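File shown here: run.txt, holding compact mmCIF, C-alpha atoms.
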# COMPACT_ATOMS: atom_id res chain seq x y z
CA MET A 1111 -53.29 -10.54 36.02
CA ASN A 1112 -53.73 -14.27 35.96
CA PRO A 1113 -50.30 -15.96 35.82
CA THR A 1114 -51.24 -17.87 32.64
CA HIS A 1115 -47.92 -16.95 31.09
CA ASN A 1116 -46.04 -18.82 33.78
CA ARG A 1117 -47.74 -22.05 32.79
CA GLU A 1118 -46.47 -24.43 30.17
CA LEU A 1119 -47.35 -23.42 26.63
CA TYR A 1120 -46.52 -25.55 23.62
CA PHE A 1121 -46.12 -24.62 19.97
CA ALA A 1122 -47.01 -27.73 17.98
CA THR A 1123 -45.22 -27.70 14.64
CA SER A 1124 -43.08 -29.97 12.50
CA ASN A 1125 -41.20 -26.94 11.21
CA PRO A 1126 -38.22 -25.86 13.36
CA HIS A 1127 -37.98 -22.57 11.39
CA LYS A 1128 -41.44 -21.59 12.56
CA PHE A 1129 -40.57 -22.40 16.15
CA GLY A 1130 -37.32 -20.45 15.83
CA GLU A 1131 -39.23 -17.37 14.63
CA ALA A 1132 -41.97 -17.58 17.22
CA LYS A 1133 -39.82 -18.13 20.30
CA PRO A 1134 -38.12 -14.69 20.54
CA ILE A 1135 -41.27 -12.83 19.47
CA LEU A 1136 -43.21 -14.33 22.37
CA ALA A 1137 -40.24 -14.16 24.74
CA ALA A 1138 -40.30 -10.38 24.25
CA SER A 1139 -43.68 -10.48 26.02
CA GLY A 1140 -42.39 -12.79 28.69
CA ILE A 1141 -44.04 -15.87 27.20
CA ILE A 1142 -41.79 -18.90 27.12
CA ILE A 1143 -42.82 -21.62 24.69
CA LEU A 1144 -41.89 -25.27 24.34
CA HIS A 1145 -41.61 -27.10 21.06
CA LEU A 1146 -43.99 -29.99 20.48
CA PRO A 1147 -42.73 -31.74 17.33
CA PHE A 1148 -46.00 -32.40 15.58
CA VAL A 1149 -46.51 -34.27 12.35
CA HIS A 1150 -50.12 -34.18 11.29
CA ASP A 1151 -51.98 -34.64 8.01
CA GLU A 1152 -53.76 -31.35 7.65
CA ILE A 1153 -57.24 -31.19 6.20
CA ARG A 1154 -57.76 -29.77 2.70
CA SER A 1155 -59.38 -26.39 2.86
CA ASP A 1156 -58.98 -22.96 1.35
CA SER A 1157 -59.19 -21.53 4.88
CA LEU A 1158 -56.03 -21.32 6.98
CA GLU A 1159 -58.22 -20.82 10.04
CA GLU A 1160 -60.11 -24.06 9.46
CA ILE A 1161 -56.86 -25.95 8.93
CA ALA A 1162 -55.30 -24.51 12.08
CA LEU A 1163 -58.39 -25.20 14.20
CA GLU A 1164 -58.52 -28.82 13.14
CA ALA A 1165 -54.80 -29.23 13.79
CA VAL A 1166 -54.90 -27.66 17.24
CA SER A 1167 -57.79 -29.92 18.25
CA VAL A 1168 -55.70 -32.94 17.35
CA ALA A 1169 -52.64 -31.54 19.13
CA PHE A 1170 -54.66 -30.74 22.26
CA SER A 1171 -56.33 -34.15 22.31
CA LYS A 1172 -52.87 -35.72 22.50
CA LEU A 1173 -51.19 -33.23 24.82
CA LYS A 1174 -54.00 -32.11 27.15
CA LYS A 1175 -52.11 -28.90 27.84
CA PRO A 1176 -52.29 -25.37 26.41
CA VAL A 1177 -50.97 -25.50 22.89
CA PHE A 1178 -51.05 -23.48 19.68
CA VAL A 1179 -50.41 -24.24 16.04
CA GLU A 1180 -50.09 -21.95 13.06
CA ASP A 1181 -50.79 -22.31 9.39
CA THR A 1182 -49.29 -19.91 6.90
CA GLY A 1183 -49.93 -19.39 3.22
CA LEU A 1184 -48.74 -17.12 0.44
CA PHE A 1185 -51.60 -15.97 -1.77
CA ILE A 1186 -50.49 -14.59 -5.16
CA ASN A 1187 -53.20 -12.57 -6.85
CA ALA A 1188 -52.08 -13.18 -10.45
CA LEU A 1189 -52.23 -16.93 -9.73
CA ASN A 1190 -55.75 -16.96 -8.25
CA GLY A 1191 -54.37 -17.26 -4.75
CA PHE A 1192 -51.91 -20.07 -5.55
CA PRO A 1193 -50.09 -21.56 -3.65
CA GLY A 1194 -52.38 -20.52 -0.75
CA THR A 1195 -53.11 -23.16 1.83
CA TYR A 1196 -50.86 -25.61 -0.05
CA SER A 1197 -47.82 -23.33 0.19
CA ALA A 1198 -45.55 -25.76 2.04
CA TRP A 1199 -46.29 -28.59 -0.37
CA VAL A 1200 -45.88 -26.39 -3.46
CA GLN A 1201 -42.58 -25.05 -2.09
CA LYS A 1202 -41.34 -28.62 -1.74
CA LYS A 1203 -42.41 -29.55 -5.27
CA ILE A 1204 -41.61 -26.54 -7.49
CA GLY A 1205 -39.76 -24.17 -5.16
CA ASN A 1206 -39.34 -20.43 -5.60
CA GLU A 1207 -37.96 -21.02 -9.10
CA GLY A 1208 -41.32 -22.54 -9.99
CA ILE A 1209 -43.23 -19.53 -8.67
CA LEU A 1210 -40.98 -17.15 -10.62
CA ARG A 1211 -41.49 -19.18 -13.80
CA LEU A 1212 -45.24 -19.00 -13.33
CA LEU A 1213 -44.98 -15.21 -13.04
CA ARG A 1214 -42.37 -14.66 -15.73
CA ALA A 1215 -44.54 -12.53 -18.01
CA ILE A 1216 -46.12 -10.59 -15.15
CA PRO A 1217 -44.84 -7.02 -14.58
CA PRO A 1218 -43.90 -5.85 -11.05
CA LYS A 1219 -47.12 -3.87 -10.57
CA GLU A 1220 -49.20 -7.02 -11.07
CA ARG A 1221 -47.20 -9.28 -8.78
CA SER A 1222 -49.07 -8.45 -5.59
CA ALA A 1223 -49.37 -11.13 -2.95
CA VAL A 1224 -50.27 -11.50 0.67
CA PHE A 1225 -48.77 -13.70 3.35
CA ARG A 1226 -51.31 -14.87 5.91
CA THR A 1227 -50.85 -16.71 9.18
CA ALA A 1228 -53.62 -18.20 11.28
CA ILE A 1229 -52.75 -19.18 14.83
CA ALA A 1230 -55.13 -21.50 16.62
CA TYR A 1231 -54.78 -21.77 20.39
CA ALA A 1232 -56.34 -24.35 22.66
CA ASP A 1233 -56.40 -23.41 26.34
CA ASN A 1234 -56.19 -25.65 29.37
CA ASP A 1235 -59.77 -26.81 28.77
CA GLY A 1236 -59.32 -27.27 25.03
CA LYS A 1237 -61.33 -24.17 24.20
CA THR A 1238 -60.01 -22.72 20.93
CA LYS A 1239 -59.44 -19.24 19.55
CA THR A 1240 -57.77 -18.02 16.35
CA PHE A 1241 -55.56 -15.02 15.55
CA ILE A 1242 -54.89 -13.84 12.00
CA GLY A 1243 -51.86 -11.87 10.81
CA GLU A 1244 -51.36 -10.56 7.29
CA CYS A 1245 -48.54 -8.95 5.40
CA ALA A 1246 -49.15 -7.47 1.95
CA GLY A 1247 -46.36 -7.27 -0.59
CA SER A 1248 -45.27 -8.44 -4.00
CA ILE A 1249 -43.23 -11.17 -5.62
CA SER A 1250 -39.72 -10.16 -6.65
CA LEU A 1251 -38.42 -10.70 -10.18
CA LYS A 1252 -35.71 -13.05 -8.98
CA ILE A 1253 -34.58 -14.88 -5.87
CA ARG A 1254 -32.91 -12.43 -3.47
CA GLY A 1255 -31.32 -13.01 -0.07
CA LYS A 1256 -30.36 -15.96 2.04
CA GLY A 1257 -32.23 -15.40 5.32
CA GLY A 1258 -35.60 -16.75 6.36
CA PHE A 1259 -37.10 -19.81 4.72
CA GLY A 1260 -39.78 -20.87 2.27
CA TYR A 1261 -40.97 -17.98 0.11
CA ASP A 1262 -39.02 -15.29 2.01
CA SER A 1263 -36.48 -14.86 -0.79
CA ILE A 1264 -39.16 -13.82 -3.32
CA PHE A 1265 -41.46 -11.75 -1.08
CA ILE A 1266 -41.04 -7.96 -0.81
CA PRO A 1267 -43.31 -6.44 1.85
CA ASP A 1268 -45.19 -3.29 0.83
CA GLY A 1269 -43.29 -0.09 1.61
CA HIS A 1270 -39.92 -1.78 1.30
CA THR A 1271 -37.55 -2.70 -1.52
CA VAL A 1272 -35.90 -5.81 -0.13
CA THR A 1273 -37.18 -9.33 0.35
CA PHE A 1274 -37.73 -10.87 3.76
CA ALA A 1275 -34.69 -13.04 3.07
CA GLU A 1276 -32.53 -9.95 2.52
CA ASN A 1277 -33.59 -8.43 5.82
CA VAL A 1278 -34.72 -10.97 8.36
CA SER A 1279 -35.12 -8.40 11.14
CA LEU A 1280 -37.65 -6.68 8.87
CA LYS A 1281 -39.54 -9.94 8.72
CA ASN A 1282 -39.40 -10.42 12.44
CA ASN A 1283 -41.02 -7.03 13.01
CA LEU A 1284 -43.74 -6.78 10.43
CA SER A 1285 -44.51 -10.22 9.12
CA HIS A 1286 -47.81 -12.06 9.07
CA ARG A 1287 -46.36 -14.46 11.66
CA TYR A 1288 -45.19 -11.61 13.88
CA LYS A 1289 -48.60 -9.94 13.74
CA SER A 1290 -50.53 -13.10 14.54
CA LEU A 1291 -48.15 -13.88 17.42
CA ARG A 1292 -48.57 -10.36 18.83
CA LEU A 1293 -52.36 -10.72 18.77
CA PHE A 1294 -52.07 -14.07 20.43
CA ALA A 1295 -49.63 -12.77 23.07
CA ASP A 1296 -51.96 -9.89 23.98
CA TYR A 1297 -54.82 -12.33 24.43
CA TYR A 1298 -52.76 -14.89 26.32
CA LEU A 1299 -51.44 -12.30 28.77
CA SER A 1300 -54.91 -10.87 29.37
CA MET A 1301 -56.36 -14.23 30.41
CA MET B 846 -71.95 -66.02 -11.67
CA ASN B 847 -73.45 -64.03 -8.88
CA PRO B 848 -75.80 -61.40 -10.31
CA THR B 849 -73.87 -58.59 -8.55
CA HIS B 850 -73.87 -56.56 -11.74
CA ASN B 851 -77.63 -56.37 -11.74
CA ARG B 852 -77.60 -54.62 -8.41
CA GLU B 853 -77.41 -50.89 -7.93
CA LEU B 854 -73.90 -49.53 -8.19
CA TYR B 855 -73.06 -45.89 -7.58
CA PHE B 856 -70.14 -43.79 -8.73
CA ALA B 857 -69.69 -41.05 -6.14
CA THR B 858 -68.08 -38.01 -7.72
CA SER B 859 -68.59 -34.28 -7.94
CA ASN B 860 -67.12 -34.31 -11.44
CA PRO B 861 -69.62 -35.00 -14.23
CA HIS B 862 -66.73 -35.49 -16.72
CA LYS B 863 -65.47 -38.44 -14.70
CA PHE B 864 -68.93 -39.96 -14.59
CA GLY B 865 -69.35 -39.42 -18.33
CA GLU B 866 -66.11 -41.26 -19.03
CA ALA B 867 -66.79 -44.16 -16.69
CA LYS B 868 -70.36 -44.90 -17.72
CA PRO B 869 -69.73 -46.27 -21.26
CA ILE B 870 -66.55 -48.11 -20.22
CA LEU B 871 -68.45 -50.06 -17.57
CA ALA B 872 -71.56 -50.38 -19.76
CA ALA B 873 -69.39 -52.29 -22.26
CA SER B 874 -69.12 -54.96 -19.54
CA GLY B 875 -72.81 -54.82 -18.81
CA ILE B 876 -72.36 -52.77 -15.63
CA ILE B 877 -74.81 -49.93 -15.30
CA ILE B 878 -73.79 -47.19 -12.90
CA LEU B 879 -75.71 -44.41 -11.19
CA HIS B 880 -74.27 -41.00 -10.38
CA LEU B 881 -74.06 -40.02 -6.72
CA PRO B 882 -73.16 -36.31 -6.71
CA PHE B 883 -70.61 -36.27 -3.94
CA VAL B 884 -68.84 -33.25 -2.54
CA HIS B 885 -66.27 -34.24 0.01
CA ASP B 886 -63.16 -32.65 1.50
CA GLU B 887 -60.48 -35.15 0.62
CA ILE B 888 -57.66 -35.85 3.01
CA ARG B 889 -54.15 -34.60 2.22
CA SER B 890 -51.90 -37.42 1.19
CA ASP B 891 -49.37 -38.24 -1.47
CA SER B 892 -51.21 -41.53 -2.03
CA LEU B 893 -54.19 -41.59 -4.40
CA GLU B 894 -55.18 -44.93 -2.88
CA GLU B 895 -55.35 -43.53 0.64
CA ILE B 896 -57.40 -40.57 -0.56
CA ALA B 897 -59.81 -42.80 -2.48
CA LEU B 898 -60.22 -45.24 0.42
CA GLU B 899 -61.06 -42.48 2.86
CA ALA B 900 -63.54 -40.95 0.40
CA VAL B 901 -65.32 -44.23 -0.35
CA SER B 902 -65.71 -44.91 3.37
CA VAL B 903 -67.48 -41.60 3.76
CA ALA B 904 -69.63 -42.20 0.67
CA PHE B 905 -70.59 -45.68 1.84
CA SER B 906 -71.42 -44.51 5.35
CA LYS B 907 -73.97 -42.13 3.83
CA LEU B 908 -75.33 -44.36 1.07
CA LYS B 909 -75.17 -47.87 2.59
CA LYS B 910 -75.06 -49.33 -0.92
CA PRO B 911 -72.26 -50.52 -3.21
CA VAL B 912 -70.35 -47.46 -4.35
CA PHE B 913 -67.01 -46.52 -5.83
CA VAL B 914 -64.98 -43.35 -6.04
CA GLU B 915 -61.86 -42.53 -7.98
CA ASP B 916 -58.97 -40.20 -7.48
CA THR B 917 -56.72 -39.24 -10.35
CA GLY B 918 -53.44 -37.38 -10.47
CA LEU B 919 -50.90 -36.29 -13.04
CA PHE B 920 -47.34 -36.81 -11.82
CA ILE B 921 -44.73 -34.85 -13.78
CA ASN B 922 -41.22 -36.14 -13.21
CA ALA B 923 -39.37 -32.88 -13.89
CA LEU B 924 -41.58 -31.24 -11.23
CA ASN B 925 -41.00 -33.85 -8.49
CA GLY B 926 -44.41 -35.36 -9.10
CA PHE B 927 -46.29 -32.04 -9.11
CA PRO B 928 -49.30 -31.61 -9.35
CA GLY B 929 -49.84 -35.19 -8.14
CA THR B 930 -52.64 -35.73 -5.67
CA TYR B 931 -53.47 -32.00 -5.85
CA SER B 932 -54.04 -32.08 -9.61
CA ALA B 933 -57.64 -30.86 -9.55
CA TRP B 934 -56.82 -27.93 -7.27
CA VAL B 935 -53.70 -26.95 -9.26
CA GLN B 936 -55.69 -27.13 -12.52
CA LYS B 937 -58.21 -24.69 -11.04
CA LYS B 938 -55.50 -22.29 -9.86
CA ILE B 939 -52.85 -22.19 -12.60
CA GLY B 940 -54.36 -24.29 -15.40
CA ASN B 941 -52.49 -25.99 -18.23
CA GLU B 942 -50.84 -22.66 -19.10
CA GLY B 943 -49.26 -22.73 -15.65
CA ILE B 944 -47.91 -26.25 -16.14
CA LEU B 945 -46.45 -25.30 -19.52
CA ARG B 946 -44.80 -22.22 -18.01
CA LEU B 947 -43.24 -24.39 -15.30
CA LEU B 948 -41.82 -26.67 -18.00
CA ARG B 949 -40.82 -23.98 -20.49
CA ALA B 950 -37.09 -24.72 -20.42
CA ILE B 951 -37.55 -28.50 -20.33
CA PRO B 952 -36.93 -30.36 -23.64
CA PRO B 953 -39.45 -32.96 -24.89
CA LYS B 954 -37.34 -35.93 -23.77
CA GLU B 955 -37.43 -34.73 -20.17
CA ARG B 956 -41.14 -33.98 -20.01
CA SER B 957 -42.21 -37.48 -18.95
CA ALA B 958 -45.28 -37.82 -16.77
CA VAL B 959 -47.70 -40.43 -15.61
CA PHE B 960 -51.42 -40.26 -15.10
CA ARG B 961 -52.65 -42.45 -12.26
CA THR B 962 -56.16 -43.36 -11.15
CA ALA B 963 -57.07 -45.17 -7.96
CA ILE B 964 -60.57 -46.58 -7.74
CA ALA B 965 -61.84 -47.52 -4.30
CA TYR B 966 -64.92 -49.71 -4.16
CA ALA B 967 -67.07 -50.46 -1.11
CA ASP B 968 -69.32 -53.49 -1.45
CA ASN B 969 -72.71 -54.13 0.08
CA ASP B 970 -71.08 -54.70 3.47
CA GLY B 971 -68.75 -51.72 3.21
CA LYS B 972 -65.71 -53.89 2.58
CA THR B 973 -63.26 -51.95 0.42
CA LYS B 974 -60.87 -52.78 -2.39
CA THR B 975 -58.74 -50.58 -4.66
CA PHE B 976 -57.78 -50.77 -8.33
CA ILE B 977 -54.94 -48.79 -9.87
CA GLY B 978 -54.60 -47.73 -13.51
CA GLU B 979 -51.63 -45.90 -14.98
CA CYS B 980 -50.84 -44.28 -18.28
CA ALA B 981 -47.30 -43.12 -19.04
CA GLY B 982 -46.68 -40.26 -21.41
CA SER B 983 -45.22 -36.79 -21.68
CA ILE B 984 -46.29 -33.16 -21.47
CA SER B 985 -46.75 -31.45 -24.84
CA LEU B 986 -45.01 -28.16 -25.68
CA LYS B 987 -48.31 -26.36 -26.07
CA ILE B 988 -52.00 -26.85 -25.47
CA ARG B 989 -53.45 -29.09 -28.18
CA GLY B 990 -56.99 -30.32 -28.74
CA LYS B 991 -60.41 -29.56 -27.36
CA GLY B 992 -61.68 -32.93 -26.13
CA GLY B 993 -61.45 -34.41 -22.67
CA PHE B 994 -60.94 -32.21 -19.63
CA GLY B 995 -58.31 -31.20 -17.10
CA TYR B 996 -54.80 -31.98 -18.27
CA ASP B 997 -55.89 -33.91 -21.38
CA SER B 998 -54.84 -31.13 -23.74
CA ILE B 999 -51.20 -31.28 -22.61
CA PHE B 1000 -50.77 -35.04 -22.12
CA ILE B 1001 -49.41 -37.25 -24.94
CA PRO B 1002 -49.56 -40.96 -24.09
CA ASP B 1003 -46.42 -42.97 -24.84
CA GLY B 1004 -46.41 -44.47 -28.33
CA HIS B 1005 -48.61 -41.72 -29.72
CA THR B 1006 -48.11 -38.22 -31.08
CA VAL B 1007 -51.38 -36.57 -30.13
CA THR B 1008 -52.76 -35.42 -26.82
CA PHE B 1009 -55.75 -37.07 -25.16
CA ALA B 1010 -57.72 -33.93 -26.02
CA GLU B 1011 -56.90 -34.37 -29.72
CA ASN B 1012 -58.11 -37.96 -29.72
CA VAL B 1013 -60.64 -38.70 -27.04
CA SER B 1014 -61.30 -42.24 -28.27
CA LEU B 1015 -57.60 -42.90 -27.66
CA LYS B 1016 -58.11 -41.77 -24.09
CA ASN B 1017 -61.16 -43.92 -23.63
CA ASN B 1018 -59.20 -47.02 -24.63
CA LEU B 1019 -55.84 -46.69 -22.95
CA SER B 1020 -56.13 -44.16 -20.20
CA HIS B 1021 -55.37 -44.59 -16.51
CA ARG B 1022 -59.10 -44.26 -15.83
CA TYR B 1023 -59.96 -46.86 -18.45
CA LYS B 1024 -57.42 -49.32 -17.03
CA SER B 1025 -58.56 -48.90 -13.44
CA LEU B 1026 -62.20 -49.28 -14.51
CA ARG B 1027 -61.41 -52.46 -16.44
CA LEU B 1028 -59.69 -53.96 -13.39
CA PHE B 1029 -62.63 -52.97 -11.27
CA ALA B 1030 -65.15 -54.40 -13.78
CA ASP B 1031 -63.35 -57.74 -13.90
CA TYR B 1032 -63.43 -57.94 -10.12
CA TYR B 1033 -67.03 -56.77 -9.83
CA LEU B 1034 -68.28 -59.30 -12.36
CA SER B 1035 -66.37 -62.13 -10.70
CA MET B 1036 -68.00 -61.55 -7.32

Can you dump the structure from the file as structure tokens?
Amino acid sequence: MNPTHNRELYFATSNPHKFGEAKPILAASGIIILHLPFVHDEIRSDSLEEIALEAVSVAFSKLKKPVFVEDTGLFINALNGFPGTYSAWVQKKIGNEGILRLLRAIPPKERSAVFRTAIAYADNDGKTKTFIGECAGSISLKIRGKGGFGYDSIFIPDGHTVTFAENVSLKNNLSHRYKSLRLFADYYLSM
Amino acid sequence: MNPTHNRELYFATSNPHKFGEAKPILAASGIIILHLPFVHDEIRSDSLEEIALEAVSVAFSKLKKPVFVEDTGLFINALNGFPGTYSAWVQKKIGNEGILRLLRAIPPKERSAVFRTAIAYADNDGKTKTFIGECAGSISLKIRGKGGFGYDSIFIPDGHTVTFAENVSLKNNLSHRYKSLRLFADYYLSM
């Protein structure tokens, strides 16, 4: 095995919550990450992968070291995929209360949604690769729980009855972010 | 007077409604415009001006002729400025019904909003200038009227009791787009 995982690896993100989630997940595979505080105007696109690839190119061009970024979106089927790739902005503007108001007349069975994360990694040479994680679930009828961040308090993963915010360890073991990080870790360790 | 207004002038937009509104307003000043169908991934920004300037640079770099673009947003105060610079995307995803659901508990007095248009013009040499038009108003309690497009059927301009969609000639004479086009026309004719 190539000792890639002993080299410096940066997670470029402006969101300390995302870094806080990623760090222990990767540490469990022996991958230690550093935080690169990264403020970047993302491109507009309906593709998380496209957004992440553009962002990692910018991050790599500044850092010139192995680095990854992630972009996450919540896609609600009854709202045509809203808030999707604009999830962070929509959260800031209308919050979870806004999402619940938009879904007020929608019964539980029709509140399906999927969380998606795209990780884009640039290696030592700037060559990029993406890793996608998904978590299917539904939007709760009200805000529940205090853990997590963003939409966690209104998202119930399929097969469970609590929101991510009510059970953060659940999130850390089956979330979109967890899955994408696991795929990335497997790749990173195999290089 | 320099015969600028006899030269070719393009309005770059993917939205035929916007072109249809602009054409007669500028024609009233003797400015004839041509439609440049223009599909472009706008940048993410909370500034309409920044978005329009970036877009007109791209349009000019392709066309190499005088061209303008516009970017319009509806900023609803009770929603922290949502949908703002993402108005077109939000309209596509949740529509006017979505906006009304978000405001359901908000009384008429607290439903203030402002429509803003930024025009960015690039002259023969690619030098750019922007023109801002605003129209203050409020969001109606229900969808009213069939004229106009986008948010027109839920926007009541201040000093009036009907929506833009109920009285399109009202829109054509006091709207954000009208005002920005008038500012632009004055400048264009003075050059």

Can you check which parts of chain A lie within 7 Å of chain B? Per residue, the shortest pair of atoms and distance in Å to one decimal, counting only C-alpha atoms, sorted by chain and number, as a tab-separated table.
residue	atom	partner	partner_atom	distance
A:Asp1151	CA	B:Arg889	CA	6.2
A:Glu1152	CA	B:Arg889	CA	6.3
A:Ile1153	CA	B:Ile888	CA	5.7
A:Arg1154	CA	B:Arg889	CA	6.0
A:Leu1189	CA	B:Ile939	CA	6.0
A:Asn1190	CA	B:Lys938	CA	5.6
A:Phe1192	CA	B:Lys938	CA	6.0
A:Lys1203	CA	B:Asn925	CA	5.6
A:Ile1204	CA	B:Leu924	CA	6.0
A:Gly1208	CA	B:Leu947	CA	5.9
A:Arg1211	CA	B:Leu947	CA	5.7
A:Leu1212	CA	B:Arg946	CA	5.7

Please provide the set of residues having any atom within 8 Å of Phe960 in chain B, restricted to all atoms listed in the file, with same-chain residues fewer than 2 positions apart removed, written as a PDB file with C-alpha atoms, in the frame of the given file.
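Below is the file that was written, result_17.pdb:
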ATOM      1  CA  THR B 917     -56.720 -39.240 -10.350  1.00  0.00           C
ATOM      2  CA  GLY B 918     -53.440 -37.380 -10.470  1.00  0.00           C
ATOM      3  CA  LEU B 919     -50.900 -36.290 -13.040  1.00  0.00           C
ATOM      4  CA  PHE B 920     -47.340 -36.810 -11.820  1.00  0.00           C
ATOM      5  CA  ALA B 958     -45.280 -37.820 -16.770  1.00  0.00           C
ATOM      6  CA  THR B 962     -56.160 -43.360 -11.150  1.00  0.00           C
ATOM      7  CA  GLU B 979     -51.630 -45.900 -14.980  1.00  0.00           C
ATOM      8  CA  CYS B 980     -50.840 -44.280 -18.280  1.00  0.00           C
ATOM      9  CA  ALA B 981     -47.300 -43.120 -19.040  1.00  0.00           C
ATOM     10  CA  GLY B 982     -46.680 -40.260 -21.410  1.00  0.00           C
ATOM     11  CA  SER B1020     -56.130 -44.160 -20.200  1.00  0.00           C
ATOM     12  CA  HIS B1021     -55.370 -44.590 -16.510  1.00  0.00           C
TER      13      HIS B1021
END

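The gap separating CA of Asp1031 in chain B from CA of Gly1004 in chain B is 25.9 Å, in Å to one decimal.
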
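Of the listed residues (A:Tyr1298, A:Ile1216, A:Ala1137, A:Ile1266), A:Ile1266 comes nearest to Leu1284 in chain A; the distances count all atoms listed in the file.
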
For the interface of range 895-994 of chain B with range 859-865 of chain B (cut-off 12 Å, counting all atoms listed in the file), please tabulate each contacting residue of range 895-994 of chain B alongside its nearest pair of atoms and their separation in Å to one decimal, rows sorted by chain and increasing number, as CSV.
residue,atom,partner,partner_atom,distance
B:Ala900,CA,B:Ser859,CA,11.8
B:Ala904,CA,B:Ser859,CA,11.7
B:Phe913,CA,B:Phe864,CA,11.1
B:Val914,CA,B:Ser859,CA,9.9
B:Glu915,CA,B:Lys863,CA,8.7
B:Asp916,CA,B:Lys863,CA,9.9
B:Thr917,CA,B:Lys863,CA,9.8
B:Ala933,CA,B:Asn860,CA,10.3
B:Thr962,CA,B:Lys863,CA,11.1
B:Ile964,CA,B:Lys863,CA,11.8
B:Gly992,CA,B:His862,CA,11.0
B:Gly993,CA,B:His862,CA,8.0
B:Phe994,CA,B:His862,CA,7.3

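For the atom pair formed by CA of Ile896 in chain B and CA of Tyr966 in chain B, the distance is 12.4 Å, given to one decimal.
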
CA of Leu1173 in chain A to CA of Gly1140 in chain A, distance in Å rounded to a single decimal
22.6 Å

Go through A:Ser1279, A:Ser1290, A:Ser1263, A:Thr1273 and flag the residue nearest Gly1243 in chain A, using all atoms listed in the file for the distances.
A:Ser1290
